[in-house]
Amino acid sequence: MHDPRFDKMAQVIVNYSIEVKPGQTVYVWSQGFAAQPLLLAIYREILKAGGNAYLRADVPGAQEIFYQHARDGQLDFVSPVDKISVEQFDAYIRIGCETNTRRLSSINPDAIVRQQAAQRPILNKRMELSAQGRYNWCVTLFPTEAYAMEAEMSLAEFTEFVFGACLLNDPDPVASWRALGARQQRYVDFLNGKRRIEIRGPNAELSLSIEGRTFLNSQGKRNFPDGEIFTGPVEDSVNGWARYTYPAIYNGREVSGVQLWFENGRVVKATADKGEDLLNKVLDTDAGARTLGEFAIGTNYGITKFSRNILFDEKIGGTMHTAVGSGYPDTGAKNKSAVHWDMITDTTGVTMTADGVVFYKDGQFVV
């Protein structure tokens with residue numbers, strides 16, 4: 001039975017997140033066929049807005065076959081269609097709809113890292129065009145049994161979790177996202193123009209420079225759901241240590257108990273209770289993978305449960321996350337990498353200062 005909230009979701013993504021204008025072209029990429037109700041609803045809304053859409057749905061099992069049989073130059077292959085999706089389209093929507101989140105668990109991580117390195121120019125181009133205001137993008141998710149199992153919920157419970165996190169149960173979701181954006185803008189306005197952030201607590205002892213960098217307000221535009229403020233720290237400025245209290249998920253593989261030590265912006269030591277080999281392989285992907293590309297604070301207090309899905313988990317109110325690898329150019333970040341791996345930690349007992357002024361304490365903003 002079709003849930004009309006998927007139609008509502010499509011309306012918000014097309015008209016608020018992407019803001020499709022007449023004549024614009026939108027590349028809509030679904031991870032599989034499970035998202036058909038949302039994919040078709042988005043297609044309908046793009047047409048109603050006067051836009052043109054290209055729909056792509058991946059064939060289940062194709063990626064596994066690729067990694068099992070691709071060799072040498074095949075692992076470096078980048079589809080011309082992927083290049084076109086950035087170079088000749090005005091916007092991009094990606095819908096996650098995994099039916100098996102562990103399907104790549106037995107794949108050699110070296111092969112995955114190599115293919116992602118080949119995709120790096122596309123990721124960088126998308127970020128650059130977005131920073132210039134020439135390209136809009138949004139990543140969202142369609143609830144599946146696989147996601148529900150990862151989150152330890154029934155499919156019905158997970159579906160309600162998704163709608164709640166996306167504010168789709170509100171009478172006017174767009175008004176709710178704008179209200180969240182207005183609250184977050186106060187934090188962004190306070191931090192922009194500051195020079196240094198210090199983080200002190202049981203899970204982090206970090207210092208980083210934000211001089212000349214911009215904090216951005218994530219209010220349901222690029223991610224859906226959303227709820228964070230973030231920036232790109234000065235690349236050689238990060239020093240200290242962080243322990244990530246939530247598992248770090250990478251291509252369906254779980255790395256838990258991660259601890260990172262930073263010296264002058266680089267990860268000089270990385271350990272994990274589980275998945276340490278994978279952690280270090282990813283950090284060695286390329287020259288930029290050991291540099292911090294993002295520092296962020298989650299603000300969506302409606303996401304109360306860890307779901308093992310970064311689209312939701314990095315937004316959890318009362319958490320912070322950092323991402324090794326590529327930064328977002330519109331924050332001023334200069335680091336480039338095929339990697340962008342968000343890692344999350346609880347901020348209970350944590351105090352953050354900006355130029356010596358406390359602005360965040362024990363999971364809450366205090367400015």
# chains A, B, ... in the order shown; residues from 1 in each chain; ligands from 1
>>> residues_around(residues="A:Asp346", least_positions_apart="5", cutoff="8 Å", atoms="only C-alpha atoms", output="VMD selection string")
chain A and resid 203 244 to 246 318 to 320 363
>>> write_last_selection(atoms="N, CA and C atoms", output="JSON list (two decimals), in the first residue's frame")
[["chain", "number", "residue", "atom", "x", "y", "z"],
["A", 203, "ASN", "N", 36.06, 12.05, 25.24],
["A", 203, "ASN", "CA", 36.28, 11.38, 23.97],
["A", 203, "ASN", "C", 37.07, 12.20, 22.95],
["A", 244, "TYR", "N", 36.03, 7.69, 18.67],
["A", 244, "TYR", "CA", 34.71, 7.73, 18.04],
["A", 244, "TYR", "C", 33.83, 6.66, 18.68],
["A", 245, "THR", "N", 32.80, 7.10, 19.38],
["A", 245, "THR", "CA", 32.02, 6.20, 20.22],
["A", 245, "THR", "C", 30.98, 5.41, 19.44],
["A", 246, "TYR", "N", 30.70, 5.83, 18.22],
["A", 246, "TYR", "CA", 29.78, 5.09, 17.36],
["A", 246, "TYR", "C", 30.59, 4.32, 16.31],
["A", 318, "GLY", "N", 23.55, 16.28, 19.81],
["A", 318, "GLY", "CA", 24.41, 15.87, 20.92],
["A", 318, "GLY", "C", 25.63, 15.08, 20.49],
["A", 319, "THR", "N", 25.92, 15.09, 19.18],
["A", 319, "THR", "CA", 27.12, 14.43, 18.68],
["A", 319, "THR", "C", 27.94, 15.42, 17.85],
["A", 320, "MET", "N", 29.20, 15.06, 17.65],
["A", 320, "MET", "CA", 30.01, 15.76, 16.66],
["A", 320, "MET", "C", 30.61, 14.70, 15.75],
["A", 363, "GLY", "N", 26.59, 18.47, 24.91],
["A", 363, "GLY", "CA", 25.61, 18.11, 23.90],
["A", 363, "GLY", "C", 24.64, 19.21, 23.49]]
>>> residues_around(residues="A:Glu254", least_positions_apart="6", cutoff="8 Å", atoms="only C-alpha atoms", output="ChimeraX atom specification")
/A:247-248,274-275
>>> write_last_selection(atoms="N, CA and C atoms", output="short mmCIF file (atom, residue, chain, number, x, y, z; two decimals), in the first residue's frame")
data_model
loop_
_atom_site.label_atom_id
_atom_site.label_comp_id
_atom_site.auth_asym_id
_atom_site.auth_seq_id
_atom_site.Cartn_x
_atom_site.Cartn_y
_atom_site.Cartn_z
N PRO A 247 30.12 3.14 15.90
CA PRO A 247 30.82 2.42 14.83
C PRO A 247 30.91 3.28 13.56
N ALA A 248 32.04 3.20 12.88
CA ALA A 248 32.22 3.89 11.61
C ALA A 248 31.96 2.89 10.49
N LYS A 274 37.84 -3.14 16.13
CA LYS A 274 37.40 -4.05 15.06
C LYS A 274 37.59 -3.34 13.72
N GLY A 275 38.24 -4.01 12.77
CA GLY A 275 38.39 -3.44 11.44
C GLY A 275 39.57 -2.51 11.28
#
>>> residues_around(residues="A:Pro202", least_positions_apart="3", cutoff="9 Å", atoms="only C-alpha atoms", output="PyMOL selection string")
chain A and resi 205+243+347-350
>>> select_by_dssp(residues="stretch 162-332 of chain A", states="helix (DSSP H, G or I)", output="PyMOL selection string")
chain A and resi 162-165+173-191+276-283+310-313+329-331
>>> write_last_selection(atoms="N, CA and C atoms", output="short mmCIF file (atom, residue, chain, number, x, y, z; two decimals), in the first residue's frame")
data_model
loop_
_atom_site.label_atom_id
_atom_site.label_comp_id
_atom_site.auth_asym_id
_atom_site.auth_seq_id
_atom_site.Cartn_x
_atom_site.Cartn_y
_atom_site.Cartn_z
N VAL A 162 12.29 7.23 9.52
CA VAL A 162 12.70 8.04 8.37
C VAL A 162 11.78 9.26 8.23
N PHE A 163 10.47 9.03 8.26
CA PHE A 163 9.54 10.15 8.09
C PHE A 163 9.71 11.17 9.22
N GLY A 164 9.92 10.68 10.43
CA GLY A 164 10.11 11.60 11.56
C GLY A 164 11.38 12.42 11.43
N ALA A 165 12.48 11.77 11.03
CA ALA A 165 13.75 12.48 10.87
C ALA A 165 13.67 13.51 9.75
N PRO A 173 6.36 20.60 6.23
CA PRO A 173 7.76 20.23 6.43
C PRO A 173 8.74 21.33 6.00
N VAL A 174 8.43 22.03 4.93
CA VAL A 174 9.34 23.08 4.47
C VAL A 174 9.46 24.18 5.52
N ALA A 175 8.34 24.56 6.13
CA ALA A 175 8.39 25.57 7.19
C ALA A 175 9.22 25.06 8.37
N SER A 176 9.11 23.77 8.68
CA SER A 176 9.89 23.19 9.79
C SER A 176 11.38 23.20 9.47
N TRP A 177 11.75 22.88 8.22
CA TRP A 177 13.16 22.90 7.85
C TRP A 177 13.70 24.33 7.88
N ARG A 178 12.89 25.28 7.46
CA ARG A 178 13.34 26.67 7.51
C ARG A 178 13.51 27.16 8.94
N ALA A 179 12.63 26.70 9.85
CA ALA A 179 12.76 27.07 11.26
C ALA A 179 14.04 26.48 11.85
N LEU A 180 14.34 25.22 11.51
CA LEU A 180 15.59 24.61 11.96
C LEU A 180 16.77 25.40 11.42
N GLY A 181 16.70 25.79 10.15
CA GLY A 181 17.77 26.57 9.55
C GLY A 181 17.98 27.90 10.25
N ALA A 182 16.88 28.54 10.68
CA ALA A 182 17.00 29.82 11.37
C ALA A 182 17.70 29.65 12.72
N ARG A 183 17.38 28.56 13.44
CA ARG A 183 18.07 28.31 14.72
C ARG A 183 19.56 28.06 14.48
N GLN A 184 19.85 27.24 13.49
CA GLN A 184 21.26 26.91 13.22
C GLN A 184 22.04 28.13 12.75
N GLN A 185 21.37 29.05 12.07
CA GLN A 185 22.06 30.22 11.55
C GLN A 185 22.65 31.05 12.68
N ARG A 186 22.03 31.04 13.84
CA ARG A 186 22.59 31.77 14.99
C ARG A 186 23.94 31.19 15.40
N TYR A 187 24.06 29.87 15.37
CA TYR A 187 25.33 29.22 15.71
C TYR A 187 26.38 29.53 14.64
N VAL A 188 25.96 29.45 13.38
CA VAL A 188 26.86 29.72 12.26
C VAL A 188 27.37 31.16 12.32
N ASP A 189 26.46 32.10 12.60
CA ASP A 189 26.86 33.51 12.67
C ASP A 189 27.86 33.76 13.80
N PHE A 190 27.68 33.04 14.91
CA PHE A 190 28.63 33.18 16.02
C PHE A 190 30.00 32.65 15.64
N LEU A 191 30.06 31.52 14.95
CA LEU A 191 31.34 30.87 14.68
C LEU A 191 32.10 31.47 13.51
N GLU A 276 40.60 -2.67 12.10
CA GLU A 276 41.75 -1.76 12.05
C GLU A 276 42.47 -1.83 10.70
N ASP A 277 42.57 -3.01 10.12
CA ASP A 277 43.22 -3.13 8.81
C ASP A 277 42.50 -2.30 7.75
N LEU A 278 41.17 -2.39 7.72
CA LEU A 278 40.40 -1.62 6.76
C LEU A 278 40.58 -0.12 7.02
N LEU A 279 40.54 0.27 8.27
CA LEU A 279 40.72 1.68 8.63
C LEU A 279 42.00 2.24 8.03
N ASN A 280 43.10 1.53 8.20
CA ASN A 280 44.37 2.04 7.70
C ASN A 280 44.50 1.94 6.19
N LYS A 281 43.85 0.94 5.58
CA LYS A 281 43.84 0.87 4.11
C LYS A 281 43.14 2.10 3.52
N VAL A 282 42.01 2.46 4.10
CA VAL A 282 41.28 3.63 3.61
C VAL A 282 42.08 4.90 3.82
N LEU A 283 42.73 5.01 4.97
CA LEU A 283 43.55 6.20 5.25
C LEU A 283 44.75 6.30 4.31
N ILE A 310 24.91 6.58 7.91
CA ILE A 310 25.55 7.87 8.15
C ILE A 310 24.64 9.04 7.81
N LEU A 311 23.71 8.85 6.86
CA LEU A 311 22.81 9.93 6.49
C LEU A 311 22.02 10.41 7.70
N PHE A 312 21.70 9.51 8.61
CA PHE A 312 20.98 9.85 9.84
C PHE A 312 21.94 10.08 11.00
N ASP A 313 22.91 9.17 11.16
CA ASP A 313 23.70 9.15 12.38
C ASP A 313 24.55 10.39 12.58
N PRO A 329 34.50 22.56 -0.78
CA PRO A 329 35.13 23.83 -1.17
C PRO A 329 34.39 25.06 -0.68
N ASP A 330 33.05 24.97 -0.53
CA ASP A 330 32.31 26.16 -0.10
C ASP A 330 32.54 26.49 1.36
N THR A 331 33.23 25.62 2.12
CA THR A 331 33.65 25.98 3.47
C THR A 331 35.03 26.64 3.46
#
>>> closest_residue(among="A:Gly23, A:Pro233, A:Gly293, A:Pro37", to="A:Asp3", atoms="only C-alpha atoms")
A:Pro37
>>> residues_around(residues="A:Thr144", least_positions_apart="2", cutoff="7 Å", atoms="only C-alpha atoms", output="list in words")
Cys97, Glu98, Thr99, Phe142, Ala146, Tyr147, Ala148 and Leu155 of chain A
>>> closest_atom_pairs(of="stretch 37-65 of chain A", to="stretch 8-16 of chain A", cutoff="7 Å", atoms="only C-alpha atoms", output="Markdown table")
| residue | atom | partner | partner_atom | distance |
| --- | --- | --- | --- | --- |
| A:Leu38 | CA | A:Ala10 | CA | 6.7 |
| A:Ala41 | CA | A:Ala10 | CA | 5.7 |
| A:Ile42 | CA | A:Ala10 | CA | 4.8 |
| A:Glu45 | CA | A:Gln11 | CA | 6.1 |
| A:Ile46 | CA | A:Val14 | CA | 6.3 |
>>> closest_residue(among="A:Phe215, A:Phe365, A:Phe89, A:Trp29", to="A:Leu141", atoms="only C-alpha atoms")
A:Trp29
>>> closest_residue(among="A:Arg253, A:Arg290, A:Arg308, A:Arg114", to="A:Val268", atoms="only C-alpha atoms")
A:Arg290
>>> select_by_dssp(residues="stretch 312-351 of chain A", states="strand (DSSP E or B)", output="tab-separated table (two decimals) with N, CA and C atoms, in the first residue's frame")
chain	number	residue	atom	x	y	z
A	316	ILE	N	22.70	13.24	14.48
A	316	ILE	CA	22.15	13.05	15.82
A	316	ILE	C	22.51	14.23	16.71
A	319	THR	N	25.92	15.09	19.18
A	319	THR	CA	27.12	14.43	18.68
A	319	THR	C	27.94	15.42	17.85
A	320	MET	N	29.20	15.06	17.65
A	320	MET	CA	30.01	15.76	16.66
A	320	MET	C	30.61	14.70	15.75
A	321	HIS	N	30.98	15.12	14.56
A	321	HIS	CA	31.68	14.18	13.69
A	321	HIS	C	32.75	14.91	12.91
A	322	THR	N	33.77	14.15	12.58
A	322	THR	CA	34.82	14.64	11.70
A	322	THR	C	34.92	13.67	10.53
A	323	ALA	N	35.34	14.20	9.39
A	323	ALA	CA	35.49	13.36	8.21
A	323	ALA	C	36.91	13.45	7.70
A	324	VAL	N	37.57	12.30	7.61
A	324	VAL	CA	38.88	12.27	6.96
A	324	VAL	C	38.65	12.29	5.46
A	325	GLY	N	39.57	12.98	4.75
A	325	GLY	CA	39.49	13.01	3.30
A	325	GLY	C	38.99	14.34	2.76
A	340	HIS	N	35.78	10.36	1.75
A	340	HIS	CA	35.13	11.28	2.69
A	340	HIS	C	34.41	10.38	3.68
A	341	TRP	N	35.04	10.13	4.82
A	341	TRP	CA	34.55	9.14	5.79
A	341	TRP	C	34.23	9.85	7.09
A	342	ASP	N	32.93	9.95	7.39
A	342	ASP	CA	32.47	10.59	8.62
A	342	ASP	C	32.56	9.62	9.78
A	343	MET	N	33.07	10.13	10.90
A	343	MET	CA	33.16	9.34	12.13
A	343	MET	C	32.56	10.15	13.27
A	344	ILE	N	31.74	9.49	14.08
A	344	ILE	CA	30.86	10.19	15.02
A	344	ILE	C	31.25	9.87	16.46
A	345	THR	N	31.15	10.89	17.32
A	345	THR	CA	31.38	10.67	18.74
A	345	THR	C	30.37	11.42	19.58
A	346	ASP	N	30.01	10.85	20.70
A	346	ASP	CA	29.09	11.47	21.65
A	346	ASP	C	29.78	12.66	22.33
A	351	THR	N	33.26	20.07	26.22
A	351	THR	CA	33.14	21.53	26.14
A	351	THR	C	33.89	22.00	24.91
>>> residues_around(residues="stretch 76-84 of chain A", least_positions_apart="3", cutoff="6 Å", atoms="only C-alpha atoms", output="list in words")
Gly73, Glu87, Gln88, Gln115 and Ala118 of chain A
>>> closest_residue(among="A:Lys48, A:Lys125, A:Arg5, A:Lys305", to="A:Lys21", atoms="only C-alpha atoms")
A:Lys48
>>> residues_around(residues="A:Gly51", least_positions_apart="6", cutoff="8 Å", atoms="only C-alpha atoms", output="compact mmCIF listing (two decimals) with N, CA and C atoms, in the first residue's frame")
# COMPACT_ATOMS: atom_id res chain seq x y z
N VAL A 20 14.07 22.86 -8.25
CA VAL A 20 14.11 22.67 -9.70
C VAL A 20 13.37 23.80 -10.40
N LYS A 21 14.02 24.36 -11.42
CA LYS A 21 13.45 25.44 -12.23
C LYS A 21 13.09 24.90 -13.62
N PRO A 22 12.15 25.56 -14.30
CA PRO A 22 11.80 25.12 -15.65
C PRO A 22 13.01 25.04 -16.57
N GLY A 23 13.11 23.94 -17.29
CA GLY A 23 14.20 23.75 -18.24
C GLY A 23 15.44 23.11 -17.65
N GLN A 24 15.55 23.00 -16.33
CA GLN A 24 16.73 22.40 -15.72
C GLN A 24 16.71 20.88 -15.89
N THR A 25 17.90 20.28 -15.89
CA THR A 25 18.04 18.83 -16.02
C THR A 25 18.51 18.24 -14.69
N VAL A 26 17.89 17.13 -14.31
CA VAL A 26 18.19 16.51 -13.02
C VAL A 26 18.52 15.03 -13.25
>>> residues_around(residues="A:Ile95", least_positions_apart="2", cutoff="10 Å", atoms="only C-alpha atoms", output="VMD selection string")
chain A and resid 28 to 32 34 to 36 38 to 39 57 93 97 to 98 138 to 142 224
>>> atom_distance(atom1="atom CA of A:Asn136", atom2="atom CA of A:Tyr92")
6.4 Å
